[in-house]
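Colleague: Okay, here's the structure, questions in a sec.
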Amino acid sequence: MNYIKPIKMRFWFIIVLLFFLVINTKGQSVVTGKIEDNFSKGVASVSVTYRSIGGSVVLGYVMSKEDGSFLLNVKNFAYDSLELSFSHLSYIKKNIKIPNKSAVYSIKLEDNTKTLDEIKISSPPIFKSGDTINYNVLEFTSKQDRVIADIIKKLPGVEMQGNLILYQGKPIQKYMVDNLDLMGSRYGMINNNLPADAVKSVQIVENDQPIKVLKSLMPSDRASLNIQLKKFLTTGSGKVGVGYQPAMWEVNLTPMTFDKNFQMLNSFQSNNSGNDASIQLGTLSLGNGSGILDLSDPPRDPSPSYFGLADVSSPDFDQRKWLDNRIFLYSSNVLKKFGNGLEVKGNLSYYNNLNKRDGYSVTSIFTPEAGVNYIETISNKYKTNDLAAGVNIYKNENNIFLNNTLKVNRKWDDALGQLMLNRDQAIAQNNNFDDFGILNKFSFARFFGKQLISINSLIDYATSPQKLYISPGRFEGIFNSGMPFNALTQQIQSSNFKSQNSISLTHSFKNLIISPEIGINYQGNKLRTQILTDIKGHINQLEDGYVNDLNTTQTTFYLNLTTNYDIAKWKFKISTPYNFNIFSVQQFNDIIIDNQIRDTFGPSLSVRYMLSSKTELSASGTYSNQFGGLSNFNSAYILSSYRDIQKSNGKLQESKNLGSGLSLSYRNPVKSMFASLSYNYSKGKKDYIFRTDIDSNGLSTVELDNRDNEQRSHTFNARASTYFSAIKTVLKINANVQLSQNDYLLNNLFIKQNGQFYGAGLELNNNSSQLLTFRYATNFNKSISTLKKQYENKIVTNNHFLDVNFYPFERHSISLLNSYYITNIKSQKNQMFIDLDYRWTIPKWKTDIEFNLINLLNNNSYIQQYNTEYSIVESYFQLRPRRFMISTKFKF
């Protein structure tokens with residue numbers, strides 16, 4: 001039997017009631033209580049609303065917490081009595097009438113056995129509980145959606161840039177499945193293979209401080225994403241397909257297990273259909289929950305690559321239309337959580353990837369004397385082998401934090417290029433890059449009394465042999481007294497060691513939290529280079545002026561004080577790092593810099609103000625003063641491409657940077673509305689500039705020049721998204737403006753380059769009909785680059801995308817994927833691409849049979865234009881021809 005009764009009076013309750021009575025005298029009453037089922041168990045996520053007696057307008061609402069408790073602030077609208085409603089998917093809706101005064105109630109709900117239609121009506125597409133925004137996956141799912149990435153990219157307030165997920169314009173800081181983080185910053189593998197129908201909801205946790213020892217000490221303004229599954233299960237997705245022109249294949253087998261304390265993902269993928277599966281293993285940008293403990297999955301710093309092949313710029317649209325590839329990939333990942341809270345993760349991955357790129361580019365260089373123009377017809381092959389392994393030990397409790405990550409990586413790149421310069425000069429290029437590295441990162445924190453002690457340590461070592469071969473030889477005036485010669489080879493051996501260590505203490509004084517930190521960093525680099533010439537079959541190893549034997553070190557002692565201050569709706573954070581740097585440089589046996597000392601100071605300030613529960617205003621300002629550039633002490637030549645060579649006498653390079661930002665964000669989950677607006681300004685000044693000298697053949701020589709130069713930029717961004725539940729439509733709009741100014745030194749002429757960029761975009765996703773769904777998106781971009789007063793280049797693009805899905809019969813669908821590219825480039829006609837997909841779904845087997853026709857109109861090339869500091873490049877990329885593929889997709 002349903003009933004309502006006051007909870008027994010106790011001493012603590014009297015205190016709480018008196019407090020609420022005081023609040024009530026200020027114009028509002030407070031209604032609290034607990035909601036339970038027939039077994040006296042608390043019911044979470046119950047929607048509690050109130051309205052006037054007999055009224056139809058909801059005056060306010062709240063969601064019950066995990067234990068079933070709720071607290072409802074009722075503003076006094078001169079109503080003597082109120083009507084409360086309690087709604088939940090699994091329970092019968094309950095309405096009660098109460099006097100408009102502070103009180104505590106116990107609510108009993110009965111199980112609901114109503115039909116699916118009634119459940120849909122009472123289930124909001126988006127609701128907020130505390131700092132967690134819950135998206136009902138079913139509400140945003142269409143018949144074409146198969147993996148959770150298909151859903152996430154449609155959610156209002158959420159964007160996807162490739163595999164990177166952003167919330168309100170900022171990258172998420174964690175991607176979890178049932179609150180466990182299996183993949184760290186490589187979450188693209190889960191996102192692109194987890195079946196959408198296994199997911200109950202996508203949760204965005206705002207202001208998430210994932211490190212528990214810091215929850216009461218260090219506030220966060222970053223968001224995390226959690227995938228809430230319908231149940232613990234073994235699932236995954238797979239695909240097997242074949243196609244023609246040329247003969248094509250695509251295989252993807254990705255099973256995954258998600259249990260309460262155990263998760264595992266294994267994936268084998270192979271294709272030559274234009275799908276670069278290795279992108280799913282890429283490290284994505286993540287937020288970092290604090291300034292004194294680093295939670296992020298640390299990417300290993302790869303060895304610097306000193307050269308590369310001349311290449312043609314690839315299109316920025318669907319890879320299937322242009323990527324000529326062949327890839328084999330395997331990845332295995334496992335997570336085990338033990339009863340004491342300790343988590344152990346391991347991962348192993350390997351891929352072999354072969355890419356081919358064909359096209360040509362027309363380059364116009366604006367030198368002070370005269371313009372230089374050249375055409376490059378390019379045919380390149382890139383072969384990559386990449387092996388990576390890692391182990392992570394992690395513990396995150398209220399009184400202790402431990403995070404240790406060990407990573408090992410080996411990468412082999414072999415690039416082969418055939419280039420025709422100005423249609424009559426054949427040039428062969430070969431680039432070999434081998435990189436081995438090992439990294440260990442350790443973070444530990446524990447409370448000693450009320451003091452939190454934190455320790456961080458990182459060790460990173462990398463070594464890399466590299467080689468660039470060019471035939472015939474170039475830069476004849478430098479290497480062979482102006483006479484032609486057979487070939488030129490640049491050899492490099494580099495090694496880098498980095499160690500970063502710090503300890504900090506954090507203490508709270510009511511609203512003030514201070515965290516002093518001291519640390520020592522060390523970085524040592526070695527660089528060995530030599531150049532070989534082949535003159536009439538005789539190999540010459542060049543000596544003086546062509547060989548580098550460079551050893552550099554930088555030791556930094558630093559002290560940083562981080563201060564957080566919260567009061568009412570204000571949050572302040574101030575950081576004041578001071579660095580004491582010691583630099584040393586040695587070229588052969590000559591000491592170039594002998595323990596030179598430079599100190600720097602780089603304060604930063606951020607302020608957040610909650611205008612309301614839905615709106616936040618934030619501002620930030622930073623200043624930095626840095627010294628570096630130790631890698632630019634190569635006094636001998638280094639060849640970086642067949643047309644570029646550089647050397648530097650070197651100096652300690654000083655740069656000063658000033659930045660500021662202002663942002664306003666709004667989110668109203670009840671009305672499914674999200675918006676943000678931001679402005680950023682940056683100004684930089686350097687006491688050096690790279691001087692570029694370009695000859696009449698387009699060959700460039702780069703050297704360091706002791707001359708000040710400045711860079712400035714203004715950036716405006718605006719975005720908004722909403723969901724119209726009545727017509728099941730998501731609308732997203734965005735706009736951005738960037739104004740910049742940079743200095744450069746070309747053939748001894750100092751020039752200022754001014755750049756302007758304007759962009760806007762719109763996207764509509766509609767799932768309202770059972771017969772037809774569609775997605776329409778458009779973006780407009782305009783860039784203006786002023787190279788000199790008499791050289792101004794404008795590039796305008798306006799792209800349109802329309803994906804229409806028809807469902808003529810049950811379990812059958814036809815999709816037309818249309819894209820239309822408009823540009824102001826005179827040599828490029830506006831282009832339309834059409835893809836056709838047919839799908840037959842067999843629910844009993846959890847399988848789709850698909851037929852895909854790609855590039856139906858058989859477009860064979862794509863042209864795009866871009867600017868550099870002193871040139872305009874028009875790039876012609878050869879596309880893949882029309883082709884078809886038949887495949888089967890299935891779920892585990």
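Following the order of the structure tokens, chains are lettered A, B, ..., residues in each are numbered from 1, and ligands are numbered from 1.
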Do a neighbour search on Lys174 in chain A at 12 Å with only C-alpha atoms, toss out local chain neighbours closer than 3 positions, and write the hits as a PyMOL selection string.
Modeller: chain A and resi 164-167+171+177+179-187+203-211+222-227+284-289+295-297
Colleague: Take the residues from that selection and write them out as a tab-separated table (two decimals), in the first residue's frame, keeping N, CA and C atoms.
Modeller:
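Output file part.tsv follows:
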chain	number	residue	atom	x	y	z
A	164	LEU	N	39.06	12.28	-32.19
A	164	LEU	CA	39.12	13.10	-30.97
A	164	LEU	C	37.72	13.58	-30.60
A	165	ILE	N	37.35	13.39	-29.33
A	165	ILE	CA	36.04	13.81	-28.83
A	165	ILE	C	36.20	15.08	-28.01
A	166	LEU	N	35.34	16.07	-28.30
A	166	LEU	CA	35.35	17.34	-27.57
A	166	LEU	C	33.98	17.58	-26.96
A	167	TYR	N	34.00	18.16	-25.77
A	167	TYR	CA	32.76	18.61	-25.13
A	167	TYR	C	32.87	20.11	-24.91
A	171	PRO	N	38.82	19.06	-25.45
A	171	PRO	CA	38.98	17.60	-25.46
A	171	PRO	C	38.58	17.00	-24.10
A	177	VAL	N	34.58	3.03	-19.90
A	177	VAL	CA	33.44	2.14	-20.10
A	177	VAL	C	33.10	1.55	-18.74
A	179	ASN	N	33.03	3.07	-16.02
A	179	ASN	CA	33.93	3.71	-15.07
A	179	ASN	C	35.31	3.07	-15.00
A	180	LEU	N	35.69	2.29	-16.00
A	180	LEU	CA	37.05	1.77	-16.10
A	180	LEU	C	37.67	2.27	-17.39
A	181	ASP	N	38.96	2.63	-17.32
A	181	ASP	CA	39.66	3.24	-18.44
A	181	ASP	C	40.62	2.22	-19.04
A	182	LEU	N	40.15	1.45	-20.02
A	182	LEU	CA	40.96	0.39	-20.62
A	182	LEU	C	42.02	0.93	-21.56
A	183	MET	N	41.67	1.90	-22.41
A	183	MET	CA	42.54	2.29	-23.52
A	183	MET	C	43.30	3.59	-23.30
A	184	GLY	N	42.98	4.34	-22.22
A	184	GLY	CA	43.68	5.60	-22.01
A	184	GLY	C	43.44	6.56	-23.16
A	185	SER	N	44.51	7.15	-23.68
A	185	SER	CA	44.36	8.15	-24.73
A	185	SER	C	44.17	7.53	-26.11
A	186	ARG	N	44.09	6.18	-26.21
A	186	ARG	CA	43.90	5.51	-27.50
A	186	ARG	C	42.47	4.98	-27.61
A	187	TYR	N	41.52	5.78	-27.16
A	187	TYR	CA	40.15	5.29	-27.05
A	187	TYR	C	39.44	5.13	-28.41
A	203	GLN	N	27.58	9.29	-20.86
A	203	GLN	CA	27.59	10.25	-19.76
A	203	GLN	C	28.78	11.20	-19.92
A	204	ILE	N	28.49	12.48	-19.78
A	204	ILE	CA	29.53	13.50	-19.72
A	204	ILE	C	29.61	13.98	-18.27
A	205	VAL	N	30.76	13.77	-17.64
A	205	VAL	CA	30.96	14.20	-16.25
A	205	VAL	C	31.67	15.54	-16.28
A	206	GLU	N	30.95	16.61	-15.99
A	206	GLU	CA	31.52	17.95	-16.00
A	206	GLU	C	32.37	18.18	-14.76
A	207	ASN	N	33.34	19.10	-14.88
A	207	ASN	CA	34.19	19.48	-13.74
A	207	ASN	C	34.71	18.24	-13.03
A	208	ASP	N	35.13	17.26	-13.82
A	208	ASP	CA	35.53	15.98	-13.25
A	208	ASP	C	36.96	16.03	-12.73
A	209	GLN	N	37.13	15.70	-11.48
A	209	GLN	CA	38.46	15.52	-10.89
A	209	GLN	C	38.64	14.03	-10.67
A	210	PRO	N	39.24	13.34	-11.65
A	210	PRO	CA	39.31	11.88	-11.58
A	210	PRO	C	40.27	11.36	-10.51
A	211	ILE	N	41.19	12.21	-10.03
A	211	ILE	CA	42.12	11.77	-8.99
A	211	ILE	C	41.46	12.02	-7.64
A	222	ARG	N	37.53	20.38	-16.54
A	222	ARG	CA	37.52	19.48	-17.68
A	222	ARG	C	36.43	18.42	-17.52
A	223	ALA	N	36.04	17.83	-18.64
A	223	ALA	CA	34.98	16.83	-18.65
A	223	ALA	C	35.53	15.47	-19.04
A	224	SER	N	34.92	14.43	-18.48
A	224	SER	CA	35.23	13.05	-18.86
A	224	SER	C	34.00	12.41	-19.47
A	225	LEU	N	34.23	11.36	-20.26
A	225	LEU	CA	33.13	10.65	-20.91
A	225	LEU	C	33.10	9.22	-20.39
A	226	ASN	N	31.91	8.76	-20.04
A	226	ASN	CA	31.73	7.39	-19.56
A	226	ASN	C	30.63	6.72	-20.38
A	227	ILE	N	30.93	5.52	-20.86
A	227	ILE	CA	29.96	4.70	-21.58
A	227	ILE	C	29.30	3.77	-20.57
A	284	LEU	N	45.38	10.40	-28.54
A	284	LEU	CA	44.51	11.56	-28.68
A	284	LEU	C	44.73	12.53	-27.54
A	285	SER	N	44.45	13.80	-27.81
A	285	SER	CA	44.63	14.84	-26.79
A	285	SER	C	43.66	14.63	-25.65
A	286	LEU	N	44.18	14.67	-24.41
A	286	LEU	CA	43.35	14.50	-23.23
A	286	LEU	C	43.62	15.62	-22.25
A	287	GLY	N	42.61	15.95	-21.47
A	287	GLY	CA	42.81	16.89	-20.38
A	287	GLY	C	43.59	16.24	-19.27
A	288	ASN	N	44.05	17.03	-18.33
A	288	ASN	CA	44.83	16.52	-17.21
A	288	ASN	C	44.24	17.08	-15.94
A	289	GLY	N	43.67	16.23	-15.10
A	289	GLY	CA	42.85	16.67	-13.98
A	289	GLY	C	43.50	17.60	-12.99
A	295	LEU	N	47.54	12.61	-14.73
A	295	LEU	CA	46.74	11.41	-14.96
A	295	LEU	C	46.80	10.96	-16.40
A	296	SER	N	47.23	11.81	-17.31
A	296	SER	CA	47.14	11.52	-18.74
A	296	SER	C	48.03	10.34	-19.12
A	297	ASP	N	47.60	9.64	-20.18
A	297	ASP	CA	48.36	8.53	-20.74
A	297	ASP	C	49.52	9.13	-21.53
Colleague: Among range 109-249 of chain A, which residues carry a DSSP assignment of alpha helix (DSSP H), reported as a PyMOL selection string?
Modeller: chain A and resi 116-122+148-152+188-191
Colleague: From a backbone DSSP assignment, name each residue in range 382-574 of chain A labelled strand (DSSP E), as a PyMOL selection string.
Modeller: chain A and resi 382-396+400-421+425-448+451-471+487-509+512-535+538-541+548-567+570-574
Colleague: Rank nothing, just name the residue among A:Phe338, A:Tyr609, A:Tyr637, A:Phe366 nearest to Asn867 in chain A, using only C-alpha atoms.
Modeller: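 Smallest separation from Asn867 in chain A among the options: A:Phe366.
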Colleague: Tell me, as a PyMOL selection string, which residues lie within 8 Å of Asp644 in chain A, counting only C-alpha atoms; anything in the same chain fewer than 6 positions away does not count.
Modeller: chain A and resi 699-702
Colleague: Could the residues in this selection be written to a file with C-alpha atoms, as a PDB file, in the first residue's frame?
Modeller:
ATOM      1  CA  LEU A 699      66.452  25.610 -53.911  1.00  0.00           C
ATOM      2  CA  SER A 700      66.363  27.045 -50.390  1.00  0.00           C
ATOM      3  CA  THR A 701      69.084  27.445 -47.781  1.00  0.00           C
ATOM      4  CA  VAL A 702      68.065  28.203 -44.192  1.00  0.00           C
TER       5      VAL A 702
END
Colleague: Please, what distance in Å, to one decimal, runs between CA of Leu194 in chain A and CA of Thr235 in chain A?
Modeller: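 That distance, rounded to one decimal, is 7.4 Å.
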Colleague: Could you tell me which of A:Asn409, A:Asp544, A:Ile514, A:Asp693 comes closest to Thr563 in chain A if we count only C-alpha atoms?
Modeller: A:Ile514
Colleague: Record the distance separating CA of Ile582 in chain A and CA of Arg598 in chain A, expressed in Å with one decimal.
Modeller: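 Pair CA of Ile582 in chain A / CA of Arg598 in chain A returns 6.6 Å.
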Colleague: Can you tell me which residues surround Thr615 in chain A at a distance of at most 10 Å, considering only C-alpha atoms, apart from same-chain residues fewer than 2 positions away, and format the answer as a PyMOL selection string?
Modeller: chain A and resi 609-613+617+664-668+674-676
Colleague: Pick from A:Ile400, A:Val312, A:Leu293, A:Val251: nearest to Asn340 in chain A, with only C-alpha atoms counted?
Modeller: A:Ile400
Colleague: Find the residues around range 141-152 of chain A up to 6 Å (only C-alpha atoms counted), leave out those fewer than 5 positions away in its own chain, and share them as a PDB file with C-alpha atoms, in the first residue's frame.
Modeller:
ATOM      1  CA  ASN A 191      34.766   4.112 -30.015  1.00  0.00           C
ATOM      2  CA  ASN A 192      34.860   2.686 -33.541  1.00  0.00           C
ATOM      3  CA  ASN A 193      34.106  -0.935 -32.646  1.00  0.00           C
ATOM      4  CA  LEU A 194      31.766  -1.023 -29.623  1.00  0.00           C
ATOM      5  CA  PRO A 195      28.239  -1.910 -30.873  1.00  0.00           C
ATOM      6  CA  ALA A 196      25.818   0.928 -30.211  1.00  0.00           C
ATOM      7  CA  ASN A 767      15.845  10.493 -37.283  1.00  0.00           C
TER       8      ASN A 767
END
Colleague: Please provide the set of residues having any atom within 6 Å of Asn779 in chain A, restricted to only C-alpha atoms, with same-chain residues fewer than 5 positions apart removed, written as a VMD selection string.
Modeller: chain A and resid 760 to 761 798 to 799
Colleague: Take the residues from that selection and put them in a file with all heavy atoms, as a PDB file, in the first residue's frame.
Modeller:
ATOM      1  N   ALA A 760      32.625  28.950 -41.046  1.00  0.00           N
ATOM      2  CA  ALA A 760      31.316  28.717 -40.437  1.00  0.00           C
ATOM      3  C   ALA A 760      30.826  27.350 -40.880  1.00  0.00           C
ATOM      4  O   ALA A 760      31.177  26.859 -41.967  1.00  0.00           O
ATOM      5  CB  ALA A 760      30.311  29.804 -40.833  1.00  0.00           C
ATOM      6  N   GLY A 761      30.022  26.719 -40.029  1.00  0.00           N
ATOM      7  CA  GLY A 761      29.514  25.401 -40.361  1.00  0.00           C
ATOM      8  C   GLY A 761      28.149  25.155 -39.756  1.00  0.00           C
ATOM      9  O   GLY A 761      27.760  25.787 -38.759  1.00  0.00           O
ATOM     10  N   ASN A 798      33.444  26.109 -50.127  1.00  0.00           N
ATOM     11  CA  ASN A 798      32.104  25.938 -49.565  1.00  0.00           C
ATOM     12  C   ASN A 798      31.680  24.500 -49.880  1.00  0.00           C
ATOM     13  O   ASN A 798      31.381  24.177 -51.026  1.00  0.00           O
ATOM     14  CB  ASN A 798      31.134  26.950 -50.175  1.00  0.00           C
ATOM     15  CG  ASN A 798      29.753  26.879 -49.565  1.00  0.00           C
ATOM     16  OD1 ASN A 798      28.769  27.293 -50.158  1.00  0.00           O
ATOM     17  ND2 ASN A 798      29.635  26.348 -48.363  1.00  0.00           N
ATOM     18  N   ASN A 799      31.672  23.652 -48.861  1.00  0.00           N
ATOM     19  CA  ASN A 799      31.422  22.234 -49.049  1.00  0.00           C
ATOM     20  C   ASN A 799      30.059  21.845 -48.471  1.00  0.00           C
ATOM     21  O   ASN A 799      29.654  22.355 -47.420  1.00  0.00           O
ATOM     22  CB  ASN A 799      32.520  21.402 -48.382  1.00  0.00           C
ATOM     23  CG  ASN A 799      33.897  21.772 -48.886  1.00  0.00           C
ATOM     24  OD1 ASN A 799      34.064  22.130 -50.051  1.00  0.00           O
ATOM     25  ND2 ASN A 799      34.895  21.706 -48.017  1.00  0.00           N
TER      26      ASN A 799
END
Colleague: Find, counting only C-alpha atoms, the residue in A:Glu616, A:Glu159, A:Asp460, A:Glu792 that gets nearest to Phe442 in chain A.
Modeller: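 Smallest separation from Phe442 in chain A among the options: A:Asp460.
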